[in-house]
Structure formats: structure tokens, C-alpha cells
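S.K.: Please find one structure pasted underneath; my questions will follow.
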Amino acid sequence: MSVRVRYAPSPTGEPHVGNIRAALFNWLLARHEGGTFILRIEDTDQARIVPGALEAIFDSLRWLGLDWDEGPEVDGPHSPYFQSQRLEHYHQASEQLIAADAAYRCYCSPERLEEVRAEQMRYKQPPKYDRRCRKLSPGERREREAEGIAPVVRFKTPLSGQTTFHDLVRGDVTFENDTLDDFVLLKSDGFPTYHLANVVDDHLMGITHVLRGDEWVSSTPRHVLMYQAFGWQPPVLAHLPMILGPDRAKLSKRHGDTSILQYRDKGFLPHALFNFLGLLGWSLDDKTEIISRQDFVRHFSLERIVKNPAIFNIEKLTWMNGAYLRELGLDELTEQLAPFLEKHLPADISRPIDLPYLRRVVPLIQERIKRLDEAPELTDFFFREGELTYPTEHLLGKRFVDQPQQAAEALAAVRERVAALDRWDEENLENTIRPLAEELGLKTGELFGAIRVAVTGRTAAPPLFETMAVLERERCLERLGAAIARLRGV
RNA sequence: GCCCCCGUCGUCUAGAGGCCUAGGACGCGGCCCUUUCAAGGCCGAAAUCAGGGGUUCGAAUCCCCUCGGGGGCACCA
């Protein structure tokens, strides 16, 4: 039978790293097996739905290149893929369980449940529903019904025995049934809980493998019990190790950026994030770090998923992103960079950015950035028209401390020599300036340093001659002139 | 409190009884390259394989216990 897996987020916010990692593994399994990747929206909690969250889910998946074969927008044989539009199925399933004496209606008020829980906590007992309505007589049942209380439907969990399931990553896991309680299947507003909806839909949609986060293992026995009560074959289960924050707690908003879209906005490349996330809990072998999407698909296997949780290591992600950035073609990188420059370059720099010009500065920063959003800060002097801002001491460096006049003379010599160039390119610039250093009795580094500051305003910048070539003659002469004037004014 | 899971360098991991005096990567330190900054290359520090018992000729690998960490225990997913 062909593999059918699903990613089933609830639209309660932007998908975060752990969540999308589960989506990634499901997608990889589907693609590796030539199976089907399904997107299903679990919008059964009316109160928690966040506007825009749905779009964020689509954007996150698309940005990472995780295309779904069935689901919203593409539709499919099991449409609709929104649980809020599948209520009949859950109602029917719930009736089926009630008829089979595997579920019952419960009329207890939320207040009473809260009291029961509080009481149990007080005596250090595990908080569990006390099953009051499970034992209701037909008469009592009719009474509640007559009061017009909207009931919930609860699952009739076996009071004894144990439930074992086989997990592909963890092996057999066993729970004592008496540690489980009669959980809710259908809420009083007529919507199903996750437990019901997920089991019903996984069955109806023919899901063969459920790969989800480790936080779900404790509710898995409930699901297994439900499959048994329905007489259905449960899917293969595999619980993925969780992704932790630096404090080893489950990764969450308080650890900072956890939304996939935030990583996009910070200038991470989708392939880099894909690669990084794919290596969180899975590995190809003992040495491979950079893995193409094709190779991930080719080699992905459930057997190589590890059990232990992983701390999200942003440093390594950043390194990996730099590696991917360096592999990008000139046009591709230029295109990626443009929006970041448009957005983050100082406001006084005129827009739109000149793309052919940008294309010339890109090679100068390609191996100097690890994230796209670092580019504006590194390149603003390439785009700035007026005077540069920098401390005059930088012009002096170590060599010219207390000798601004000497520095001015050196720069003036450079300016004069370079102004006479018939062709303003890297080679000519270097062939002119390098010998001049010796002529002036300066070390190349000393002279170049002063020029660098004059021309870029920075002590650290891309290679000098390439930089000057890109900046063009006019801008360089002007900046050299400004620096000389500054030094003479001191 | 109860249940479940996990435990190899700081971090991600390789390791499925002898190949391990434990390998790779990030990060860190040094050196080389070099006009600065990067990138790159080389070298290095860094794990008594959580601890303790077994099993075995032999254990990071199998078993047990302890400790530590995490997750779950809603009319949320």
C-alpha cells in the first residue's frame, strides 16, 4: 500500500520550528516512498483560531518547498481538509461509539470538573475525570437531558488492563489503562476534540504513518483504544524527538524566534533551514552535513531517526546558511538580496536600488555574509551619495598617529596618480597603488588601510581594489578628496 | 502527585559486543594564506560514552538499579 502521511497543524499562529520539522519529516517520507503528503487543518477549537494563521501555514510550507498533494487549495479525494467542515463525520463516529457502549454523554459542568480537579490536586492525586456520568441510570440521564444541558461525549476507557503500541522510533510503549481517564471526544459546542478528529480523519483519509512530536506519546494510548473501539487498523506510529531551547525546555516563544517566517525575514535561505531541520533528529551518516534536497529525499529513512531530543543550535544554522549563501549564483543572490536592501538600507539612500549595480557589489560580500539581512550594513557605502561618516583617527591608523599631514600627503598622491588612470578597473588600480606604497616608504597595509577608510568609511570592508572599481572613479576621487580635506583641517 | 520518554565532546550527531587509545560538524583556540574583514587550508583543546551494578574472553553498544533532564495529565492542539 502506498504511503499516506499528513501534516495537521491548527491555525493558532505561525508554524514554529518544531512543528515544521514534523511537517518536513512527513514530507520526506512521502517523497522518499513516492507516497502522498496531505495537509489537513485542525481548526476544531473555535476560540483559538488566529486570523492570518492559515496563510502563515501555507507560506511556511511553500517557502520551505514542502508541497502537499492533498489539502486546502489543491483539494483531493477526501475533501474537505478543514476539520471544521467535517463535523458530520465526527458526530457519526461519536454515535457509533455510543451505540457500541464505548462512549457516553456527560453532563457535568465545567465548574464541577474544575472542583473535582482542584480536590484531586489537593490530595496529590492525578487529576482525572471522576466518571460520574458513566454510571448514570437511564432515569438520571433523561433528567439531565430534560434540563437542556448540552452534553459532551466521553470515551469509556477500560478500567483495567494495559494498552501497548509499537512506535517505530521508540519501540513498544505500554500504559496502564487505569492511569487514563474518560477523555472528551465531542465538546458541548458540537466540535470534536483533537483525539476524535485526528483518529477519525486519519482513518477516513487512509493515513498509513503518523509522524508527530514526542509530546503526543502520552495521548497515543487513547488513540489506540479508540481505533480498537472503532474496529479500525491504527496507522504506523513514530514519535519524533522534540526540539528544545538552550535551557533544555520545549522550544517556545520565550526562547526568541521560533516562527519559520521569522527565519525567512532574518535572511535565512529555505534550503539551509531545510537542511538544518532535516538534521535535527536524523542523520545520513557519520560525516555529511550539507545535503541536497534530492539526497534527503533519496536517503530519508525512519530507521535513522534518533530518540533523544535536540537543542536548537542557531550557531550551526547560521554557519550552514553562510555555506548555502556562498553556493548561490550571482543572479540568484542578487535577487535574494534586493528586497533586504530595499527594506533595510538607511532611509536617505535613494530607491529603488539599481539592480545592475547591486549585481556588481554582490560578489564582494558573498563570502562575508551569513544571513541576507547582514548585507545592508555591509554595503551602505556603495549606495551612499554624500559624505561618509567616520572618525578621522581611522584615517590615521597606527602609522599616522599624530601625523595627519603625512597621511594627507599620501592620500593626495594616491588621488593624483589614480585620477590619471585611463581605465578605472581593479587591475589598473592595484598596479598603480601598490608600487606607490613603496615610493612613499609605506607598507602596503598602511597605505591601503588609509585609502580603505577614505573610500568606504570602514576599517573592515571588501578587498580594496575591487571595491574601488565598483565604486567608480568619481565617487572614489570625491571621497579621497574629502578625506584629505579632513586631515588638513586637523 | 501520577504516567510516559530520553541520557556519547558546550551543541547537533556517528556508533547497532571486538573496526573506539570514541569519528564528523558547529562553536572555541592557534597557525597558514592575506591590504582590512571574510572565505579557505592545517593543527589543537573538548565526551572516565550520566553514575553504579551485572552478563561476556571482551560493552558506549545487552540486562537491572540509581540519578538527572524532558513531556503529558483540559469541553487546547
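Convention: chains lettered A, B, ... in C-alpha cells order; per-chain residue numbering from 1; ligands numbered from 1 as shown.
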Would you mind listing what lies within 8 Å of Glu315 in chain A as number ranges by chain, with only C-alpha atoms (C1' of nucleotides) counted and same-chain residues fewer than 4 positions away left out?
M.R.: A: 319; B: 26-27
S.K.: Output N, CA, C and O atoms (P, O5', C5', C4', C3', O3' and C1' of nucleotides) of each residue in that selection to a file, as a PDB file, in the first residue's frame.
M.R.:
ATOM      1  N   TRP A 319      25.893  29.100  10.412  1.00  0.00           N
ATOM      2  CA  TRP A 319      27.046  28.643   9.626  1.00  0.00           C
ATOM      3  C   TRP A 319      26.563  27.989   8.325  1.00  0.00           C
ATOM      4  O   TRP A 319      27.062  28.267   7.236  1.00  0.00           O
TER       5      TRP A 319
ATOM      6  P     C B  26      32.562  22.989  10.862  1.00  0.00           P
ATOM      7  O5'   C B  26      31.471  23.613  11.854  1.00  0.00           O
ATOM      8  C5'   C B  26      30.248  24.119  11.343  1.00  0.00           C
ATOM      9  C4'   C B  26      29.400  24.599  12.491  1.00  0.00           C
ATOM     10  C3'   C B  26      30.068  25.623  13.412  1.00  0.00           C
ATOM     11  O3'   C B  26      29.956  26.934  12.877  1.00  0.00           O
ATOM     12  C1'   C B  26      29.033  23.943  14.713  1.00  0.00           C
ATOM     13  P     G B  27      31.191  27.955  13.048  1.00  0.00           P
ATOM     14  O5'   G B  27      31.292  28.096  14.630  1.00  0.00           O
ATOM     15  C5'   G B  27      30.291  28.806  15.345  1.00  0.00           C
ATOM     16  C4'   G B  27      30.518  28.631  16.827  1.00  0.00           C
ATOM     17  C3'   G B  27      31.910  29.002  17.316  1.00  0.00           C
ATOM     18  O3'   G B  27      32.013  30.397  17.534  1.00  0.00           O
ATOM     19  C1'   G B  27      31.302  26.918  18.219  1.00  0.00           C
TER      20        G B  27
END
S.K.: Please tabulate, as a tab-separated table, the residues of chain A that come within 7 Å of chain B, each with its closest pair of atoms and the distance in Å to one decimal, counting only C-alpha atoms (C1' of nucleotides) and ordering rows by chain, then residue number upward.
M.R.:
residue	atom	partner	partner_atom	distance
A:Ser10	CA	B:A77	C1'	6.6
A:Lys124	CA	B:G1	C1'	4.4
A:Gln125	CA	B:G1	C1'	5.5
A:Pro126	CA	B:C2	C1'	5.0
A:Pro127	CA	B:C73	C1'	6.6
A:Val152	CA	B:C75	C1'	6.6
A:Thr179	CA	B:C3	C1'	6.5
A:Val184	CA	B:C75	C1'	6.8
A:Lys187	CA	B:C75	C1'	4.5
A:Ser188	CA	B:C75	C1'	6.0
A:Tyr194	CA	B:A77	C1'	6.2
A:Glu215	CA	B:G71	C1'	5.4
A:Ser218	CA	B:G72	C1'	5.4
A:Ala249	CA	B:G70	C1'	6.8
A:Leu280	CA	B:C12	C1'	6.9
A:Asp285	CA	B:A14	C1'	6.5
A:Asp286	CA	B:A14	C1'	4.0
A:Lys287	CA	B:G24	C1'	4.4
A:Glu289	CA	B:A25	C1'	6.6
A:Lys307	CA	B:C6	C1'	7.0
A:Asn308	CA	B:C6	C1'	5.3
A:Asn313	CA	B:U11	C1'	6.3
A:Glu315	CA	B:C26	C1'	6.5
A:Lys316	CA	B:C26	C1'	4.6
A:Glu367	CA	B:A39	C1'	5.5
A:Arg368	CA	B:A38	C1'	4.8
A:Thr444	CA	B:U35	C1'	6.2
A:Gly445	CA	B:U35	C1'	4.6
A:Phe448	CA	B:U35	C1'	5.4
A:Gly449	CA	B:U36	C1'	6.7
A:Thr459	CA	B:U36	C1'	6.1
A:Ala460	CA	B:C37	C1'	4.7
A:Ala461	CA	B:C37	C1'	5.6
A:Pro462	CA	B:C37	C1'	6.7
S.K.: Would you write out those residues with C-alpha atoms, as a PDB file, in the first residue's frame?
M.R.:
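File produced: again-v4.pdb:
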ATOM      1  CA  SER A  10      -4.056  24.043  13.874  1.00  0.00           C
ATOM      2  CA  LYS A 124      -1.881  14.986  45.345  1.00  0.00           C
ATOM      3  CA  GLN A 125      -3.916  12.684  43.214  1.00  0.00           C
ATOM      4  CA  PRO A 126      -3.558  12.585  39.445  1.00  0.00           C
ATOM      5  CA  PRO A 127      -6.221  14.892  38.009  1.00  0.00           C
ATOM      6  CA  VAL A 152     -20.067  16.329  25.903  1.00  0.00           C
ATOM      7  CA  THR A 179      -3.939   5.871  34.548  1.00  0.00           C
ATOM      8  CA  VAL A 184     -13.769  14.077  25.878  1.00  0.00           C
ATOM      9  CA  LYS A 187     -17.285  19.104  23.001  1.00  0.00           C
ATOM     10  CA  SER A 188     -20.562  20.660  24.026  1.00  0.00           C
ATOM     11  CA  TYR A 194      -8.187  16.561  18.746  1.00  0.00           C
ATOM     12  CA  GLU A 215       4.617  15.492  23.190  1.00  0.00           C
ATOM     13  CA  SER A 218       1.067  10.276  26.282  1.00  0.00           C
ATOM     14  CA  ALA A 249      12.833  23.025  27.842  1.00  0.00           C
ATOM     15  CA  LEU A 280      17.725  17.609  13.841  1.00  0.00           C
ATOM     16  CA  ASP A 285      25.894   9.079   8.107  1.00  0.00           C
ATOM     17  CA  ASP A 286      28.789   9.975  10.347  1.00  0.00           C
ATOM     18  CA  LYS A 287      30.026  12.967   8.391  1.00  0.00           C
ATOM     19  CA  GLU A 289      26.367  17.992   6.917  1.00  0.00           C
ATOM     20  CA  LYS A 307      15.149   9.115  20.154  1.00  0.00           C
ATOM     21  CA  ASN A 308      16.750  11.900  22.074  1.00  0.00           C
ATOM     22  CA  ASN A 313      21.575  25.362  17.730  1.00  0.00           C
ATOM     23  CA  GLU A 315      25.024  28.994  15.550  1.00  0.00           C
ATOM     24  CA  LYS A 316      25.149  25.947  13.392  1.00  0.00           C
ATOM     25  CA  GLU A 367      31.519  35.230   1.359  1.00  0.00           C
ATOM     26  CA  ARG A 368      31.162  37.854   4.057  1.00  0.00           C
ATOM     27  CA  THR A 444      51.105  48.321   1.645  1.00  0.00           C
ATOM     28  CA  GLY A 445      48.797  47.638   4.545  1.00  0.00           C
ATOM     29  CA  PHE A 448      45.694  50.580   1.807  1.00  0.00           C
ATOM     30  CA  GLY A 449      44.197  50.999   5.251  1.00  0.00           C
ATOM     31  CA  THR A 459      38.311  49.823   8.717  1.00  0.00           C
ATOM     32  CA  ALA A 460      36.907  46.495   7.562  1.00  0.00           C
ATOM     33  CA  ALA A 461      35.493  46.168   4.084  1.00  0.00           C
ATOM     34  CA  PRO A 462      35.730  44.006   0.981  1.00  0.00           C
TER      35      PRO A 462
END
S.K.: Env of U66 in chain B: 12 Å cut, atoms = only C-alpha atoms (C1' of nucleotides), seq-sep filter 2 positions within chain, self excluded. Answer as a ChimeraX atom specification.
M.R.: /B:50-53,64,68
S.K.: Suppose we keep N, CA and C atoms (P, O5', C5', C4', C3', O3' and C1' of nucleotides); can you now write the selection as a CSV table (one decimal), in the first residue's frame?
M.R.:
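Listing of part31.csv after writing:
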chain,number,residue,atom,x,y,z
B,50,A,P,26.3,7.8,29.0
B,50,A,O5',26.5,8.6,30.4
B,50,A,C5',27.1,9.9,30.4
B,50,A,C4',26.9,10.4,31.8
B,50,A,C3',27.3,9.4,32.9
B,50,A,O3',28.6,9.4,33.2
B,50,A,C1',25.2,10.3,33.4
B,51,G,P,29.4,8.0,33.5
B,51,G,O5',28.9,7.6,34.9
B,51,G,C5',29.3,8.5,36.0
B,51,G,C4',28.6,8.0,37.3
B,51,G,C3',28.8,6.5,37.5
B,51,G,O3',30.1,6.2,38.2
B,51,G,C1',26.6,7.0,37.8
B,52,G,P,30.8,4.8,37.9
B,52,G,O5',29.8,3.8,38.7
B,52,G,C5',29.7,4.0,40.1
B,52,G,C4',28.7,3.0,40.6
B,52,G,C3',28.9,1.6,40.1
B,52,G,O3',29.9,0.9,40.9
B,52,G,C1',26.6,2.1,39.9
B,53,G,P,30.5,-0.5,40.3
B,53,G,O5',29.5,-1.5,41.0
B,53,G,C5',29.4,-2.8,40.5
B,53,G,C4',28.0,-3.3,40.7
B,53,G,C3',27.7,-4.5,39.9
B,53,G,O3',28.2,-5.7,40.5
B,53,G,C1',26.0,-3.0,39.5
B,64,C,P,16.0,-4.1,32.0
B,64,C,O5',16.6,-4.1,33.4
B,64,C,C5',16.1,-5.1,34.4
B,64,C,C4',16.8,-4.9,35.7
B,64,C,C3',16.7,-3.5,36.2
B,64,C,O3',15.5,-3.3,37.0
B,64,C,C1',18.9,-4.2,36.4
B,68,G,P,17.9,13.5,41.1
B,68,G,O5',18.3,14.0,39.7
B,68,G,C5',19.5,14.8,39.5
B,68,G,C4',19.8,15.0,38.1
B,68,G,C3',18.6,15.6,37.3
B,68,G,O3',18.5,17.0,37.4
B,68,G,C1',19.5,13.8,36.1
S.K.: Rounded to one decimal in Å, what is the spacing between CA of Leu168 in chain A and CA of Val236 in chain A?
M.R.: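 CA of Leu168 in chain A sits 7.4 Å away from CA of Val236 in chain A.
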S.K.: Just want the 8 Å neighbourhood of His344 in chain A, counted on only C-alpha atoms (C1' of nucleotides), with same-chain residues fewer than 3 positions away dropped. Output as a list of chain:residue names.
M.R.: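 Contacts, with the query itself left out: A:Phe340, A:Leu341, A:Asp373, A:Pro376.
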S.K.: Using all heavy atoms, can you write the selected residues to a file as an mmCIF file, in the first residue's frame?
M.R.:
data_model
loop_
_atom_site.group_PDB
_atom_site.id
_atom_site.type_symbol
_atom_site.label_atom_id
_atom_site.label_comp_id
_atom_site.auth_asym_id
_atom_site.auth_seq_id
_atom_site.Cartn_x
_atom_site.Cartn_y
_atom_site.Cartn_z
ATOM 1 N N PHE A 340 16.040 42.852 0.790
ATOM 2 C CA PHE A 340 16.615 43.183 2.095
ATOM 3 C C PHE A 340 17.259 44.562 2.069
ATOM 4 O O PHE A 340 17.217 45.305 3.043
ATOM 5 C CB PHE A 340 17.640 42.124 2.505
ATOM 6 C CG PHE A 340 16.996 40.875 3.031
ATOM 7 C CD1 PHE A 340 16.609 39.869 2.163
ATOM 8 C CD2 PHE A 340 16.734 40.738 4.390
ATOM 9 C CE1 PHE A 340 15.986 38.722 2.641
ATOM 10 C CE2 PHE A 340 16.109 39.601 4.875
ATOM 11 C CZ PHE A 340 15.727 38.588 4.009
ATOM 12 N N LEU A 341 17.868 44.909 0.925
ATOM 13 C CA LEU A 341 18.495 46.218 0.823
ATOM 14 C C LEU A 341 17.432 47.295 0.706
ATOM 15 O O LEU A 341 17.512 48.349 1.338
ATOM 16 C CB LEU A 341 19.423 46.254 -0.394
ATOM 17 C CG LEU A 341 20.651 45.346 -0.244
ATOM 18 C CD1 LEU A 341 21.407 45.229 -1.557
ATOM 19 C CD2 LEU A 341 21.573 45.870 0.844
ATOM 20 N N ASP A 373 20.154 39.480 5.746
ATOM 21 C CA ASP A 373 19.897 40.772 6.387
ATOM 22 C C ASP A 373 21.157 41.461 6.890
ATOM 23 O O ASP A 373 21.101 42.557 7.434
ATOM 24 C CB ASP A 373 18.860 40.623 7.513
ATOM 25 C CG ASP A 373 19.397 39.830 8.695
ATOM 26 O OD1 ASP A 373 20.467 39.186 8.551
ATOM 27 O OD2 ASP A 373 18.762 39.855 9.755
ATOM 28 N N PRO A 376 22.758 44.958 4.131
ATOM 29 C CA PRO A 376 22.625 46.420 4.136
ATOM 30 C C PRO A 376 23.739 47.115 4.909
ATOM 31 O O PRO A 376 24.368 48.045 4.414
ATOM 32 C CB PRO A 376 21.261 46.642 4.801
ATOM 33 C CG PRO A 376 20.492 45.400 4.503
ATOM 34 C CD PRO A 376 21.509 44.297 4.547
#
S.K.: Quick one: distance from CA of Glu88 in chain A to CA of Asp189 in chain A in Å, one decimal?
M.R.: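 If I compute the distance from CA of Glu88 in chain A to CA of Asp189 in chain A, I get 13.4 Å.
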S.K.: List every residue of range 186-389 of chain A that DSSP, applied to the backbone of this structure, assigns to strand (DSSP E or B), and report them as a VMD selection string.
M.R.: chain A and resid 186 192 209 to 213 236 to 240 243 to 244 250 259 282 305 310 to 311
S.K.: Kindly export the residues of the current selection with C-alpha atoms, as a compact mmCIF listing (two decimals), in the first residue's frame.
M.R.:
# COMPACT_ATOMS: atom_id res chain seq x y z
CA LEU A 186 -17.06 15.72 21.37
CA PRO A 192 -14.65 17.26 18.21
CA HIS A 209 2.00 6.63 9.04
CA VAL A 210 1.66 9.20 11.77
CA LEU A 211 4.88 11.08 12.46
CA ARG A 212 4.39 13.70 15.09
CA GLY A 213 6.16 15.31 18.02
CA VAL A 236 2.15 3.10 11.93
CA LEU A 237 3.28 5.42 14.69
CA ALA A 238 6.55 7.27 15.01
CA HIS A 239 7.12 9.97 17.59
CA LEU A 240 9.79 12.46 16.74
CA ILE A 243 13.31 20.36 19.72
CA LEU A 244 14.45 22.13 22.84
CA LYS A 250 10.49 22.51 24.93
CA SER A 259 8.44 31.01 13.79
CA TRP A 282 18.05 12.40 11.68
CA ILE A 305 15.58 8.96 13.43
CA ALA A 310 17.78 18.14 20.27
CA ILE A 311 18.62 21.65 21.31
S.K.: Name the residues of range 92-251 of chain A that fall into alpha helix (DSSP H) according to DSSP on the backbone, using the chain letters and numbers of this document, as number ranges by chain.
M.R.: A: 92-99, 110-122, 138-147, 194-204, 220-230
S.K.: With only C-alpha atoms (C1' of nucleotides) as the counted atoms, please give the residues lying no more than 12 Å from C63 in chain B, apart from itself and same-chain residues fewer than 3 positions off, as a list of chain:residue names.
M.R.: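 Residues meeting the cut-off are B:G53, B:G54, B:U55, B:A59.
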S.K.: Neighbours of Val224 in chain A within 10 Å (only C-alpha atoms (C1' of nucleotides); same-chain residues fewer than 4 positions away dropped), as JSON, numbers by chain?
M.R.: {"A": [163, 164, 165, 199, 219, 220, 228, 229, 230, 232, 233, 234, 235]}
S.K.: Output N, CA and C atoms for every residue in that selection, as a PDB file, in the first residue's frame.
M.R.:
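Result file is again.pdb:
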ATOM      1  N   THR A 163      -2.540  -0.850  27.643  1.00  0.00           N
ATOM      2  CA  THR A 163      -2.550  -0.601  26.208  1.00  0.00           C
ATOM      3  C   THR A 163      -1.111  -0.432  25.749  1.00  0.00           C
ATOM      4  N   THR A 164      -0.741  -1.212  24.773  1.00  0.00           N
ATOM      5  CA  THR A 164       0.621  -1.155  24.247  1.00  0.00           C
ATOM      6  C   THR A 164       0.564  -0.789  22.771  1.00  0.00           C
ATOM      7  N   PHE A 165       1.462   0.034  22.364  1.00  0.00           N
ATOM      8  CA  PHE A 165       1.555   0.291  20.929  1.00  0.00           C
ATOM      9  C   PHE A 165       3.016   0.253  20.516  1.00  0.00           C
ATOM     10  N   VAL A 199      -8.223  10.815  14.965  1.00  0.00           N
ATOM     11  CA  VAL A 199      -8.384   9.382  14.701  1.00  0.00           C
ATOM     12  C   VAL A 199      -9.353   9.147  13.533  1.00  0.00           C
ATOM     13  N   SER A 219      -0.759  10.803  24.743  1.00  0.00           N
ATOM     14  CA  SER A 219      -2.168  10.652  24.367  1.00  0.00           C
ATOM     15  C   SER A 219      -2.368   9.536  23.338  1.00  0.00           C
ATOM     16  N   THR A 220      -1.277   8.929  22.953  1.00  0.00           N
ATOM     17  CA  THR A 220      -1.393   7.847  21.969  1.00  0.00           C
ATOM     18  C   THR A 220      -2.210   6.639  22.453  1.00  0.00           C
ATOM     19  N   GLN A 228      -9.311   0.642  18.457  1.00  0.00           N
ATOM     20  CA  GLN A 228      -9.856  -0.666  18.832  1.00  0.00           C
ATOM     21  C   GLN A 228     -11.372  -0.605  18.925  1.00  0.00           C
ATOM     22  N   ALA A 229     -11.871   0.441  19.560  1.00  0.00           N
ATOM     23  CA  ALA A 229     -13.324   0.549  19.730  1.00  0.00           C
ATOM     24  C   ALA A 229     -14.041   0.686  18.384  1.00  0.00           C
ATOM     25  N   PHE A 230     -13.389   1.349  17.472  1.00  0.00           N
ATOM     26  CA  PHE A 230     -13.992   1.513  16.143  1.00  0.00           C
ATOM     27  C   PHE A 230     -13.829   0.248  15.296  1.00  0.00           C
ATOM     28  N   TRP A 232     -10.920  -0.338  13.837  1.00  0.00           N
ATOM     29  CA  TRP A 232     -10.066   0.124  12.739  1.00  0.00           C
ATOM     30  C   TRP A 232      -8.612  -0.262  12.976  1.00  0.00           C
ATOM     31  N   GLN A 233      -7.886  -0.315  11.881  1.00  0.00           N
ATOM     32  CA  GLN A 233      -6.458  -0.601  11.942  1.00  0.00           C
ATOM     33  C   GLN A 233      -5.710   0.715  12.198  1.00  0.00           C
ATOM     34  N   PRO A 234      -4.974   0.799  13.288  1.00  0.00           N
ATOM     35  CA  PRO A 234      -4.236   2.050  13.521  1.00  0.00           C
ATOM     36  C   PRO A 234      -3.068   2.207  12.543  1.00  0.00           C
ATOM     37  N   PRO A 235      -2.692   3.429  12.262  1.00  0.00           N
ATOM     38  CA  PRO A 235      -1.537   3.661  11.377  1.00  0.00           C
ATOM     39  C   PRO A 235      -0.243   3.325  12.095  1.00  0.00           C
TER      40      PRO A 235
END
